[in-house]
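> My structure file protein21.cif, mmCIF, C-alpha atoms, is below:
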data_start
loop_
_atom_site.label_atom_id
_atom_site.label_comp_id
_atom_site.auth_asym_id
_atom_site.auth_seq_id
_atom_site.Cartn_x
_atom_site.Cartn_y
_atom_site.Cartn_z
CA MET B 1 11.53 14.89 -9.15
CA PHE B 2 10.75 11.70 -7.18
CA LYS B 3 13.37 9.85 -5.15
CA GLN B 4 11.25 7.41 -3.15
CA ILE B 5 7.85 6.05 -4.18
CA LEU B 6 5.39 4.15 -2.02
CA ALA B 7 2.95 1.82 -3.78
CA ALA B 8 0.04 0.85 -1.52
CA VAL B 9 -1.46 -2.43 -2.72
CA ASP B 10 -4.45 -4.46 -1.62
CA LEU B 11 -3.45 -8.09 -2.09
CA ASP B 12 -7.11 -9.12 -2.06
CA ASN B 13 -7.64 -7.22 -5.32
CA ARG B 14 -4.93 -8.60 -7.60
CA GLU B 15 -6.07 -6.73 -10.71
CA ILE B 16 -5.81 -3.25 -9.19
CA ALA B 17 -2.66 -4.26 -7.27
CA GLU B 18 -0.94 -5.12 -10.54
CA LYS B 19 -2.10 -1.81 -12.11
CA ILE B 20 -0.74 0.13 -9.12
CA LEU B 21 2.52 -1.73 -9.35
CA ARG B 22 2.89 -1.05 -13.11
CA VAL B 23 2.34 2.69 -12.56
CA ALA B 24 4.71 2.76 -9.59
CA VAL B 25 7.47 0.83 -11.38
CA ASP B 26 7.18 2.95 -14.53
CA THR B 27 7.37 6.13 -12.45
CA ALA B 28 10.29 4.81 -10.38
CA ASN B 29 12.17 3.88 -13.56
CA THR B 30 11.42 7.26 -15.15
CA TYR B 31 12.90 9.12 -12.18
CA ALA B 32 15.48 6.50 -11.10
CA ALA B 33 13.67 6.36 -7.76
CA GLY B 34 13.40 3.70 -5.08
CA LEU B 35 10.15 1.83 -4.59
CA LEU B 36 8.52 0.64 -1.39
CA VAL B 37 5.50 -1.63 -1.81
CA VAL B 38 3.18 -1.64 1.19
CA SER B 39 0.18 -3.76 2.05
CA VAL B 40 -1.91 -3.16 5.15
CA ILE B 41 -3.82 -5.87 6.94
CA ASP B 42 -6.99 -4.17 8.10
CA ALA B 43 -7.43 -4.08 11.86
CA VAL B 44 -10.17 -6.36 13.13
CA GLN B 45 -12.79 -5.34 15.63
CA PRO B 46 -12.05 -6.40 19.24
CA VAL B 47 -15.08 -8.71 19.28
CA VAL B 48 -13.78 -10.54 16.22
CA SER B 49 -10.16 -10.58 17.36
CA GLN B 50 -11.13 -12.73 20.34
CA GLN B 51 -12.14 -15.48 17.90
CA LEU B 52 -8.84 -15.44 15.99
CA PRO B 53 -6.08 -17.94 16.75
CA GLU B 54 -3.21 -16.89 18.97
CA GLY B 55 -0.47 -15.29 16.92
CA TYR B 56 -2.86 -14.31 14.11
CA GLU B 57 -1.24 -10.94 13.55
CA LYS B 58 2.25 -12.44 13.24
CA MET B 59 1.03 -15.15 10.84
CA ALA B 60 -0.88 -12.62 8.74
CA MET B 61 2.16 -10.33 8.51
CA LYS B 62 4.38 -13.22 7.41
CA LYS B 63 1.90 -14.32 4.73
CA THR B 64 1.53 -10.73 3.50
CA ARG B 65 5.30 -10.33 3.16
CA GLN B 66 5.46 -13.60 1.20
CA ASP B 67 2.61 -12.50 -1.07
CA LEU B 68 4.31 -9.14 -1.68
CA ALA B 69 7.59 -10.88 -2.53
CA ARG B 70 5.75 -13.07 -5.08
CA LEU B 71 4.05 -10.01 -6.58
CA LEU B 72 7.43 -8.32 -6.97
CA LYS B 73 9.46 -11.27 -8.25
CA ASN B 74 9.80 -9.83 -11.78
CA VAL B 75 10.12 -6.17 -10.86
CA GLU B 76 13.40 -4.50 -11.75
CA LEU B 77 14.23 -0.86 -11.28
CA VAL B 78 16.67 1.15 -13.35
CA GLU B 79 18.47 2.51 -10.31
CA GLY B 80 16.69 2.44 -6.96
CA GLU B 81 15.89 -0.53 -4.77
CA VAL B 82 12.58 -2.29 -4.22
CA GLY B 83 11.43 -2.83 -0.64
CA ILE B 84 8.35 -4.32 0.96
CA SER B 85 6.44 -3.51 4.10
CA ALA B 86 3.51 -5.28 5.71
CA ARG B 87 1.57 -3.30 8.29
CA PHE B 88 -1.37 -4.03 10.54
CA GLY B 89 -4.02 -1.46 11.46
CA ASP B 90 -6.27 1.16 9.92
CA ILE B 91 -5.40 1.15 6.24
CA TYR B 92 -5.12 4.85 5.50
CA ARG B 93 -3.37 5.63 8.79
CA GLU B 94 -0.77 2.92 8.20
CA ILE B 95 -0.11 4.09 4.64
CA LEU B 96 0.38 7.65 5.86
CA ALA B 97 2.62 6.51 8.73
CA GLN B 98 4.80 4.47 6.37
CA ALA B 99 4.98 7.41 3.96
CA GLU B 100 6.33 9.65 6.72
CA ILE B 101 8.74 7.05 8.11
CA SER B 102 10.15 6.36 4.64
CA ALA B 103 10.15 10.02 3.56
CA VAL B 104 8.46 9.23 0.26
CA ASP B 105 7.89 11.80 -2.47
CA LEU B 106 4.94 10.03 -4.08
CA ILE B 107 2.24 7.58 -3.00
CA VAL B 108 0.61 5.43 -5.67
CA ILE B 109 -2.71 4.03 -4.47
CA GLY B 110 -5.77 2.43 -6.05
CA SER B 111 -9.38 3.44 -5.83
CA HIS B 112 -12.47 1.32 -6.21
CA LYS B 113 -15.90 2.25 -7.48
CA LEU B 114 -17.75 4.27 -4.88
CA GLN B 115 -20.33 2.59 -2.70
CA ALA B 116 -23.05 4.27 -0.65
CA THR B 117 -21.07 4.03 2.61
CA ASP B 118 -18.10 5.82 1.01
CA PHE B 119 -20.10 9.04 0.98
CA LEU B 120 -20.55 8.83 4.75
CA ILE B 121 -17.12 7.67 5.91
CA GLY B 122 -14.91 8.15 2.84
CA THR B 123 -12.53 5.77 1.12
CA ASN B 124 -9.00 4.97 2.18
CA ALA B 125 -7.71 6.55 -1.05
CA SER B 126 -9.56 9.80 -0.41
CA ARG B 127 -8.22 9.96 3.15
CA VAL B 128 -4.69 9.37 1.93
CA VAL B 129 -5.10 12.11 -0.69
CA ARG B 130 -6.38 14.57 1.92
CA HIS B 131 -3.71 13.90 4.54
CA ALA B 132 -0.60 12.78 2.63
CA PRO B 133 2.64 14.68 3.20
CA CYS B 134 3.49 14.29 -0.51
CA SER B 135 1.94 13.90 -3.96
CA VAL B 136 -0.55 11.07 -4.52
CA PHE B 137 -1.26 9.25 -7.78
CA VAL B 138 -4.66 7.49 -7.69
CA VAL B 139 -5.00 4.52 -10.04
CA ARG B 140 -8.42 3.41 -11.25
#
For the structure just supplied, provide its representation as structure tokens.


Amino acid sequence: MFKQILAAVDLDNREIAEKILRVAVDTANTYAAGLLVVSVIDAVQPVVSQQLPEGYEKMAMKKTRQDLARLLKNVELVEGEVGISARFGDIYREILAQAEISAVDLIVIGSHKLQATDFLIGTNASRVVRHAPCSVFVVR
């Protein structure tokens, strides 16, 4: 049923990242699917970006890739391969873009407890669910 699975993890929330990864790995092993683990570095506002050191984006991407590799060090799939991707930008847009580029069949994403602002602008998970080109598994 699934050939390629994308697991979208927030490295700042280790607990939910590990839950997402467990669900994604179990599903990938069940279907002998490949797994792509993605983390998105949230875009910073232009006013803030002026205060960041030169090369911030490149340094942040490198650190994110290293953190993803550490998170995945013990992950083994029955058949498919495990890949990583670090992206920079609007979280839900980058997840959706990676899903299309990688032609995934399933996105596994986490959701946090709703806050007041979520009712006005929505969560990244809800945006991914609404606009994904494939099935989405939301982990709580």

> Quick one: of B:Val23, B:Leu68, B:Ala28, B:Met61, who's nearest to Leu11 (chain B), counting only C-alpha atoms?

B:Leu68

> One number please: CA of Asp105 (chain B) to CA of Asp67 (chain B), in Å, one decimal.

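Separation between CA of Asp105 (chain B) and CA of Asp67 (chain B): 24.9 Å.
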
> I want to know what sits within 12 Å of region 30-33 of chain B, based on all atoms listed in the file, with residues of the same chain fewer than 2 positions away left out; could you give that as a PDB file with C-alpha atoms, keeping the file's coordinate frame?


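around_3.pdb, written as the output of this step:
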ATOM      1  CA  MET B   1      11.530  14.890  -9.150  1.00  0.00           C
ATOM      2  CA  PHE B   2      10.750  11.700  -7.180  1.00  0.00           C
ATOM      3  CA  LYS B   3      13.370   9.850  -5.150  1.00  0.00           C
ATOM      4  CA  GLN B   4      11.250   7.410  -3.150  1.00  0.00           C
ATOM      5  CA  ILE B   5       7.850   6.050  -4.180  1.00  0.00           C
ATOM      6  CA  LEU B   6       5.390   4.150  -2.020  1.00  0.00           C
ATOM      7  CA  VAL B  23       2.340   2.690 -12.560  1.00  0.00           C
ATOM      8  CA  ALA B  24       4.710   2.760  -9.590  1.00  0.00           C
ATOM      9  CA  VAL B  25       7.470   0.830 -11.380  1.00  0.00           C
ATOM     10  CA  ASP B  26       7.180   2.950 -14.530  1.00  0.00           C
ATOM     11  CA  THR B  27       7.370   6.130 -12.450  1.00  0.00           C
ATOM     12  CA  ALA B  28      10.290   4.810 -10.380  1.00  0.00           C
ATOM     13  CA  LEU B  35      10.150   1.830  -4.590  1.00  0.00           C
ATOM     14  CA  LEU B  36       8.520   0.640  -1.390  1.00  0.00           C
ATOM     15  CA  GLU B  76      13.400  -4.500 -11.750  1.00  0.00           C
ATOM     16  CA  LEU B  77      14.230  -0.860 -11.280  1.00  0.00           C
ATOM     17  CA  VAL B  78      16.670   1.150 -13.350  1.00  0.00           C
ATOM     18  CA  GLU B  79      18.470   2.510 -10.310  1.00  0.00           C
ATOM     19  CA  GLY B  80      16.690   2.440  -6.960  1.00  0.00           C
ATOM     20  CA  GLU B  81      15.890  -0.530  -4.770  1.00  0.00           C
ATOM     21  CA  VAL B  82      12.580  -2.290  -4.220  1.00  0.00           C
ATOM     22  CA  GLY B  83      11.430  -2.830  -0.640  1.00  0.00           C
ATOM     23  CA  VAL B 104       8.460   9.230   0.260  1.00  0.00           C
ATOM     24  CA  ASP B 105       7.890  11.800  -2.470  1.00  0.00           C
ATOM     25  CA  LEU B 106       4.940  10.030  -4.080  1.00  0.00           C
TER      26      LEU B 106
END

> What separation in Å, quoted to one decimal, exists between CA of Arg127 (chain B) and CA of Arg140 (chain B)?

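Computing it gives 15.8 Å between the two atoms.
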
> For the file shown, report as a list in words the outcome of the PyMOL selection byres ((chain B and resi 39) around 9) at residue level.

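Listing what the PyMOL selection byres ((chain B and resi 39) around 9) selects in the shown file: Ala7, Ala8, Val9, Asp10, Leu11, Val37, Val38, Val40, Ile41, Thr64, Arg65, Leu68, Ile84, Ser85, Ala86, Arg87, Phe88, Ile91 and Ile95 of chain B.
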
> Can you tell me how far CA of His131 (chain B) sits from CA of Leu96 (chain B), in Å to one decimal?

7.6 Å

> Carefully work through the PyMOL selection byres ((chain B and resi 136) around 7) for this structure and note down the residues it includes, as a ChimeraX atom specification.

/B:106-108,129,134-135,137-138

> Mind dumping the selected residues with C-alpha atoms as an mmCIF file, in the frame of the given file?


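What landed in part16.cif:
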data_model
loop_
_atom_site.group_PDB
_atom_site.id
_atom_site.type_symbol
_atom_site.label_atom_id
_atom_site.label_comp_id
_atom_site.auth_asym_id
_atom_site.auth_seq_id
_atom_site.Cartn_x
_atom_site.Cartn_y
_atom_site.Cartn_z
ATOM 1 C CA LEU B 106 4.940 10.030 -4.080
ATOM 2 C CA ILE B 107 2.240 7.580 -3.000
ATOM 3 C CA VAL B 108 0.610 5.430 -5.670
ATOM 4 C CA VAL B 129 -5.100 12.110 -0.690
ATOM 5 C CA CYS B 134 3.490 14.290 -0.510
ATOM 6 C CA SER B 135 1.940 13.900 -3.960
ATOM 7 C CA PHE B 137 -1.260 9.250 -7.780
ATOM 8 C CA VAL B 138 -4.660 7.490 -7.690
#

> Considering all atoms listed in the file, can you say which of B:Glu94, B:Glu54, B:Asp42, B:Ser102 comes closest to Asp12 (chain B)?

B:Asp42
